[in-house]
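A.B. asks: One structure, pasted below without further comment.
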Amino acid sequence: MHQINCPWCGPRDENEFSYQGDANCRIATQSKAPEEIEDLLYFRPNPKGLHKEYWHHVSGCRQYIIVERHTLTHEIRSARLARSPQNQEQS
Amino acid sequence: MASYRIQNGGAIDRARPVKFRFDGKSYTGFDGDTLASALMANGVSLLGRSFKYHRPRGLVTLGSAEPNALAEIGEGARREANVQMTMVELHDGLIAQSQNRFPSLRFDLMSVNQLFSKFLVAGFYYKSFMWPSAFWEPVYEKIIRRAAGLGRAAEGPDSDHYEHRHIHCDVLVIGAGLAGISAAQTAAAAGSRVLMLEEHAWLGGVSAYDDDPVDFTAQLDGRDDLQILRRTTALGIYDHNVVLALERSGDHLGEIADGHPRQRLWIIRPKQIVVAAGALERPITFDNNDKPGVMLSSAARGLANRFAVAAGKDVVILAADDTAYEVAADLHAKGIKISAIADMRDQIPSFARAQIPENIRVIEAAQPIKALGRTCVRGLRLKHAGSVENVKCDAILLAGGYNPNVHLLSHAGSAPVWKEEIHAFVPADTSGPIWAAGACRGIFDASACRVDGEVAGANAAMAAGFPFGVKSLGPVLESRATLDRLHVSGKGKAFVDFQNDVTEFDVRLAAQEGYQSVEHLKRYTTLGMATDQGKTSSVNGLSVLADALGKDISDVGTTRFRPPYTPTAIGAFAGHARGRDFQPIRKTAFHHCHEDLGAVFVEVGQWLRPRYYPQAGEDIFSAIKREAKAVRTSVGVCDVSTLGKIELFGPDAAKFLNRLYINNWMKLAVGKARYGVMLREDGCLLDDGTTSRLAEDHFFMTCTTANAARVLAHMDYASQILFPEMDVGFCSATEQWCGLALAGPNSRKVLGGLFQDLDVSDEAFPFMGVRETEFDGMPARIFRISFSGELAYEINTHWGCAAALWEKLQAAGQSFGLTPYGSEALGVLRIEKGHVAGSEIDGRTTAKDVGLGGMMAKKDCIGKAMAMRPGMVDEKRPALIGLKPVNRADRLRGGAHFVSPHDVGVSKPVQSLGWVSSVADSPNLGHWIGLGFIEGGQSRIGERAMCVYPLKDEAVEVEICNPCFFDPDGERLRG
């Protein structure tokens, strides 16, 4: 019953979104070593606390949102568009 | 039967008698009664049989904490089991049945279980029914299920209607008792939008059980700033402050008007929550404390004052708490004889004693030994001043003190803490966004509750953005003298949990056997696991456990309460989402055309696709063969509208496709289509389909019906996260373009007849060509692509033109015997051609596995690096092959496994060499054919293998062959 504040659509119910996993990894090209890509794909951290994750607003604006969520309390600290240049630089 | 109705007073309408039935017998109560109060008024005190021992049971409480008085309400499909009689408002025609008795409530054969009670102790089913293990399912489980239990389920699908409603508010107040009402009034006065939930039909909480209660309805109803939902129970507090509440909007009505729901599930999103859920009186544990006639003192007081019903003609109050004296004063005023107040405490505060007339006998330092009587209470045996006395009575009222109702606060994650001053658990943290007020945080005095409610209401309103003069007020704690012992050790059956038949002995035994953590105790004894969730039993059980372990109760802790607070019909959670309304049905624009032809449909995701079109006298197999043969010999038409269609635009569209697909798109000419395969990030196949270039910067992609949504989401991910620098935009056009596939040697002639301005010759419109034209003045696109392996075209046009397209196509195809074919025939045709589909692209296979490894271009694409890992390109991986039975009459089975011939019929597990993914009874080859994956793949062509299908105990010898069975050189589709 989360409510996510979509940067485009405003606060929306979680059932409009589809969870897409860890937002700390991005596998754009094969320039990375296969072992490194494997790590990103299969060995993802499962932190207790704040976690950055992708939520796809699939029944809304179809934007990928990076949601900073507390995995224990479900508190949502922030929600930003994944495609914003600021996020691109980070990963 | 004698009447227990008190002549005057009460909140019942004596001018409106109500007739109802219980166990087939007719009774009369009054408007304003509950089923429980009406039965008690009629002298019916035996209301049920207990879960395990089938002991006679009667009323304990007046509310939703009731463990014993459960009934089946209604009949047939409308019958609901385990309904608390205390929560059923009486209405004309109400039909109720008692539960868990055979043959009748008064004479229950299963009560012999009591004689075996020594064997039915804590964990008995782990101990007694262990051996022989083969007996568990056929014998033991059936016996246990029959012997132990609650009500029967309804006899058919629920015919009632349930609805969901969503609501937002600034402050939600749960519970309209004195604290809740003060909180709501204060928050509303501060200007916030307030919603208040009340479980009962009336307001006032426990004050509604006063002799002359305040009428809050006049004060609170009809206000704009304060909405009240009555008959509404808060089921739970969830993440982000969401509260689910169930409104029993129709249960109190004899008949529910058409279109109205029986119950309504509210999904509430408040900014702040004030929990004012009150407190629950606790029983006292002693031998036979479960006899009908033993009830909580608060219940007896409410029965007398609100329902004008006497709990007995001659009562004894067993007291561990000062409130016993208020109850005694009220009952005395109603003319109920009080034989004695047996106070278990050594010291009785004088203010308590001053509340009652002096002629009522008070026994100090009394120790209850046993409730006397068989089916009903006939007396109380107690010990005091060194001697044993039997006090005659027909009701024993228990005043064991109060437990703050911490359930909802516990849902929100706050573990309760023991408060020694009141000998009860209280919520640890009550300071926003979930506030607590009144008795649920251990404040029991009426005026203190009002003040506490005001403070909580003002705090909540302020936190929601509505400042109001908040009074700074420290914790108000009324000192109350409650006995710290909540149980009396003795012999016999002293019940802690009435509903699950857990005795003090069971708890001690569990502790002795090592189940010393509360969570273990709960699971081993089932204490607190009944439908009442231990509302009356939990704290008493903890008290026994603490005693058995020699610990303080605060060190024992509590189990965590979980939603829902009260048992809730699954129908309420389902709401409208049931049966055909569970999810939408998607129909193609040609749906009615298929219906006219008598098509049998198949569900593909939400879509309905024609599966086959049976003609008179045809079964499914002959229909499929006829359709598939028609495509190979003349021409067929198939609805392909359900394929996912995506339009891509932008200067970087080709570059983007290059990253999505394993093959190359940069050099695809305008007006040409190409088959493509895409991978997931882990290198396994995601989907396949054809994509066409309509202009330098405009592509049209198709993907499989089942994967359409997934592919679009994958593209969103790729464009927004992986390649945000690419200038490309795309959107789904699945429901904008309808599509028909025209396949067969005569398809060109039919197409030419339909589009007479179009040059359909092989030179002008070659294989993999794309043409844009018009149909009926609307844009149309024609693709010369083929899934069947025949000369074939796909025609796409505006969704709204479907009927006209179908009609004109029939006319153009008539002389060629144009045959509609469904998904089954399509499947046969593609297997004959060795084309892969969902059974081959199953999430585990790679492009190389399905024989498409050669398509992998030199450039980079999503999933490529992972697809190149050694394990993914291992030559030993099972790879796609075709198979046909050596004995051509044999049938093949999808899902069969390849094994070595000497492993057939071996009883121990053997190694699988691969599996059969798709099979078809090919009309064009005259025998069964299949596609499958086998270790070594194409290198095994020509070999034989055994195909085993253990589900049907079949083993078939097959020949491994090329997956393309028909026209391997592709002459037909290029013709």
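Chain labels A, B, ... are given in the sequence in which chains occur in the structure tokens; within each chain residues are numbered consecutively from 1, and ligands are likewise numbered from 1 in the order shown.
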Starting from chain B, keep only residues with some atom at most 10 Å from an atom of chain A, counting only C-alpha atoms, and report them as a ChimeraX atom specification.

C.D. replies: /B:238-243,267,269,412-413,659,681-682,709,712-713,716-725,859-869

A.B. asks: Which residues, written as a list in words, have at least one atom at most 12 Å from B:Trp799, with only C-alpha atoms counted and residues fewer than 4 positions away on the same chain left out?

C.D. replies: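 Within the cut-off, the hits are Lys587, Thr588, Ala589, Phe590, His591, Ser641, Thr642, Ala733, Thr734, Glu735, Gln736, Trp737, Cys738, Gly739, Leu740, Phe775, Met778, Pro779, Ala780, Ile795, Ala803, Ala804, Leu805 and Trp806 of chain B.
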
A.B. asks: Mind listing the strand (DSSP E or B) residues of stretch 254-463 of chain B, per DSSP on the backbone, as an MDAnalysis selection string?

C.D. replies: chainID B and resid 263:275 279:281 285 287 294:296 309 314:319 321 337:343 362:363 367:372 379:384 387:392 395:399 402:404 417:419 424:426 434:436

A.B. asks: Just the residues within 10 Å of B:Ala311, please, counting only C-alpha atoms, with nothing from its chain fewer than 6 positions along; format it as a list in words.

C.D. replies: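 Residues meeting the cut-off are Tyr4, Arg5, Ser37, Met40, Ala41, Gly43, Ser45, Leu59, Gly293, Val294, Met295, Ser297, Ala299, Ala300, Arg301, Gly302, Leu303, Ala304, Leu331, Ile336, Asp394, Ala395, Ile396 and Leu397 of chain B.
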
A.B. asks: Per DSSP on the backbone, what are the alpha helix (DSSP H) residues of stretch 269-433 of chain B, as a list in words?

C.D. replies: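 Of stretch 269-433 of chain B, only Ser297, Ser298, Ala299, Ala300, Arg301, Gly302, Leu303, Ala304, Asn305, Thr323, Ala324, Tyr325, Glu326, Val327, Ala328, Ala329, Asp330, Leu331, His332, Ala333, Ser350, Phe351, Ala352, Arg353, His407, Leu408, Leu409, Ser410 and His411 of chain B fall in alpha helix (DSSP H).
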
A.B. asks: Given the selection you just returned, output its residues as a file containing N, CA, C and O atoms, formatted as a short mmCIF file (atom, residue, chain, number, x, y, z; two decimals), in the first residue's frame.

C.D. replies:
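out-v9.cif was written with the following content:
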```
data_model
loop_
_atom_site.label_atom_id
_atom_site.label_comp_id
_atom_site.auth_asym_id
_atom_site.auth_seq_id
_atom_site.Cartn_x
_atom_site.Cartn_y
_atom_site.Cartn_z
N SER B 297 -17.67 -9.04 33.63
CA SER B 297 -18.60 -8.16 34.37
C SER B 297 -19.07 -7.01 33.48
O SER B 297 -20.21 -6.57 33.56
N SER B 298 -18.19 -6.56 32.57
CA SER B 298 -18.58 -5.46 31.68
C SER B 298 -19.71 -5.90 30.75
O SER B 298 -20.59 -5.11 30.40
N ALA B 299 -19.70 -7.20 30.38
CA ALA B 299 -20.76 -7.71 29.51
C ALA B 299 -22.08 -7.73 30.25
O ALA B 299 -23.12 -7.35 29.71
N ALA B 300 -22.05 -8.14 31.51
CA ALA B 300 -23.28 -8.19 32.30
C ALA B 300 -23.85 -6.79 32.50
O ALA B 300 -25.06 -6.57 32.45
N ARG B 301 -22.94 -5.82 32.68
CA ARG B 301 -23.38 -4.44 32.89
C ARG B 301 -24.02 -3.90 31.61
O ARG B 301 -25.09 -3.29 31.64
N GLY B 302 -23.38 -4.15 30.46
CA GLY B 302 -23.93 -3.70 29.18
C GLY B 302 -25.25 -4.38 28.87
O GLY B 302 -26.19 -3.74 28.38
N LEU B 303 -25.33 -5.67 29.15
CA LEU B 303 -26.58 -6.40 28.92
C LEU B 303 -27.72 -5.74 29.71
O LEU B 303 -28.80 -5.52 29.18
N ALA B 304 -27.44 -5.41 30.97
CA ALA B 304 -28.49 -4.85 31.84
C ALA B 304 -28.87 -3.44 31.38
O ALA B 304 -30.05 -3.12 31.20
N ASN B 305 -27.86 -2.59 31.17
CA ASN B 305 -28.15 -1.18 30.90
C ASN B 305 -28.61 -0.93 29.47
O ASN B 305 -29.57 -0.20 29.23
N THR B 323 -13.39 -2.05 39.28
CA THR B 323 -14.58 -1.85 38.44
C THR B 323 -15.72 -2.78 38.82
O THR B 323 -16.87 -2.52 38.49
N ALA B 324 -15.40 -3.87 39.53
CA ALA B 324 -16.45 -4.80 39.96
C ALA B 324 -17.53 -4.08 40.76
O ALA B 324 -18.71 -4.43 40.68
N TYR B 325 -17.14 -3.05 41.49
CA TYR B 325 -18.09 -2.37 42.38
C TYR B 325 -19.04 -1.47 41.60
O TYR B 325 -20.20 -1.33 41.93
N GLU B 326 -18.53 -0.85 40.51
CA GLU B 326 -19.41 -0.07 39.63
C GLU B 326 -20.45 -0.98 39.01
O GLU B 326 -21.63 -0.64 38.90
N VAL B 327 -19.97 -2.16 38.57
CA VAL B 327 -20.88 -3.12 37.94
C VAL B 327 -21.95 -3.54 38.96
O VAL B 327 -23.14 -3.55 38.65
N ALA B 328 -21.50 -3.84 40.16
CA ALA B 328 -22.44 -4.28 41.19
C ALA B 328 -23.50 -3.22 41.45
O ALA B 328 -24.70 -3.52 41.56
N ALA B 329 -23.06 -1.96 41.51
CA ALA B 329 -24.01 -0.88 41.78
C ALA B 329 -25.05 -0.80 40.66
O ALA B 329 -26.26 -0.66 40.92
N ASP B 330 -24.59 -0.91 39.41
CA ASP B 330 -25.51 -0.82 38.27
C ASP B 330 -26.50 -1.99 38.26
O ASP B 330 -27.69 -1.80 38.05
N LEU B 331 -25.99 -3.21 38.48
CA LEU B 331 -26.87 -4.37 38.44
C LEU B 331 -27.88 -4.33 39.58
O LEU B 331 -29.05 -4.65 39.41
N HIS B 332 -27.39 -3.89 40.73
CA HIS B 332 -28.28 -3.78 41.90
C HIS B 332 -29.42 -2.81 41.59
O HIS B 332 -30.58 -3.07 41.88
N ALA B 333 -29.06 -1.69 40.94
CA ALA B 333 -30.08 -0.69 40.60
C ALA B 333 -31.10 -1.26 39.63
O ALA B 333 -32.24 -0.80 39.56
N SER B 350 -11.49 1.74 49.89
CA SER B 350 -12.77 2.11 50.48
C SER B 350 -13.68 2.83 49.48
O SER B 350 -14.89 2.68 49.53
N PHE B 351 -13.06 3.58 48.50
CA PHE B 351 -13.91 4.29 47.53
C PHE B 351 -14.68 3.29 46.68
O PHE B 351 -15.81 3.55 46.26
N ALA B 352 -14.07 2.14 46.44
CA ALA B 352 -14.76 1.13 45.63
C ALA B 352 -15.95 0.58 46.40
O ALA B 352 -17.07 0.53 45.91
N ARG B 353 -15.69 0.25 47.63
CA ARG B 353 -16.72 -0.35 48.47
C ARG B 353 -17.88 0.62 48.71
O ARG B 353 -19.04 0.21 48.85
N HIS B 407 -3.97 -3.97 19.66
CA HIS B 407 -3.84 -4.70 18.39
C HIS B 407 -3.41 -3.81 17.23
O HIS B 407 -2.43 -4.08 16.55
N LEU B 408 -4.19 -2.74 16.98
CA LEU B 408 -3.93 -1.91 15.80
C LEU B 408 -2.56 -1.24 15.89
O LEU B 408 -1.85 -1.12 14.90
N LEU B 409 -2.21 -0.80 17.11
CA LEU B 409 -0.93 -0.13 17.28
C LEU B 409 0.21 -1.12 17.05
O LEU B 409 1.27 -0.76 16.57
N SER B 410 -0.05 -2.38 17.38
CA SER B 410 0.95 -3.41 17.16
C SER B 410 1.12 -3.68 15.66
O SER B 410 2.23 -3.95 15.19
N HIS B 411 0.03 -3.59 14.88
CA HIS B 411 0.15 -3.75 13.43
C HIS B 411 1.17 -2.77 12.87
O HIS B 411 1.93 -3.08 11.97
#
```

A.B. asks: Find the residues around B:Gly636 up to 6 Å (only C-alpha atoms counted), leave out those fewer than 2 positions away in its own chain, and share them as JSON, numbers by chain.

C.D. replies: {"B": [631, 742, 743, 818, 819, 820]}

A.B. asks: For atom CA of B:Ser537 and atom CA of B:Phe498, determine how far apart the two atoms are, in Å to one decimal place.

C.D. replies: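 Atom-to-atom, atom CA of B:Ser537 to atom CA of B:Phe498, that is 7.5 Å.
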
A.B. asks: May I ask which of the residues A:Asn24, A:Asn46, A:Ser78, A:Thr71 is the closest one to A:Asn5, counting only C-alpha atoms?

C.D. replies: A:Ser78

A.B. asks: List the neighbours of B:Leu648 out to 7 Å using only C-alpha atoms; skip same-chain residues closer than 6 positions along the sequence, and give me the result as a PyMOL selection string.

C.D. replies: chain B and resi 698-700+728-731
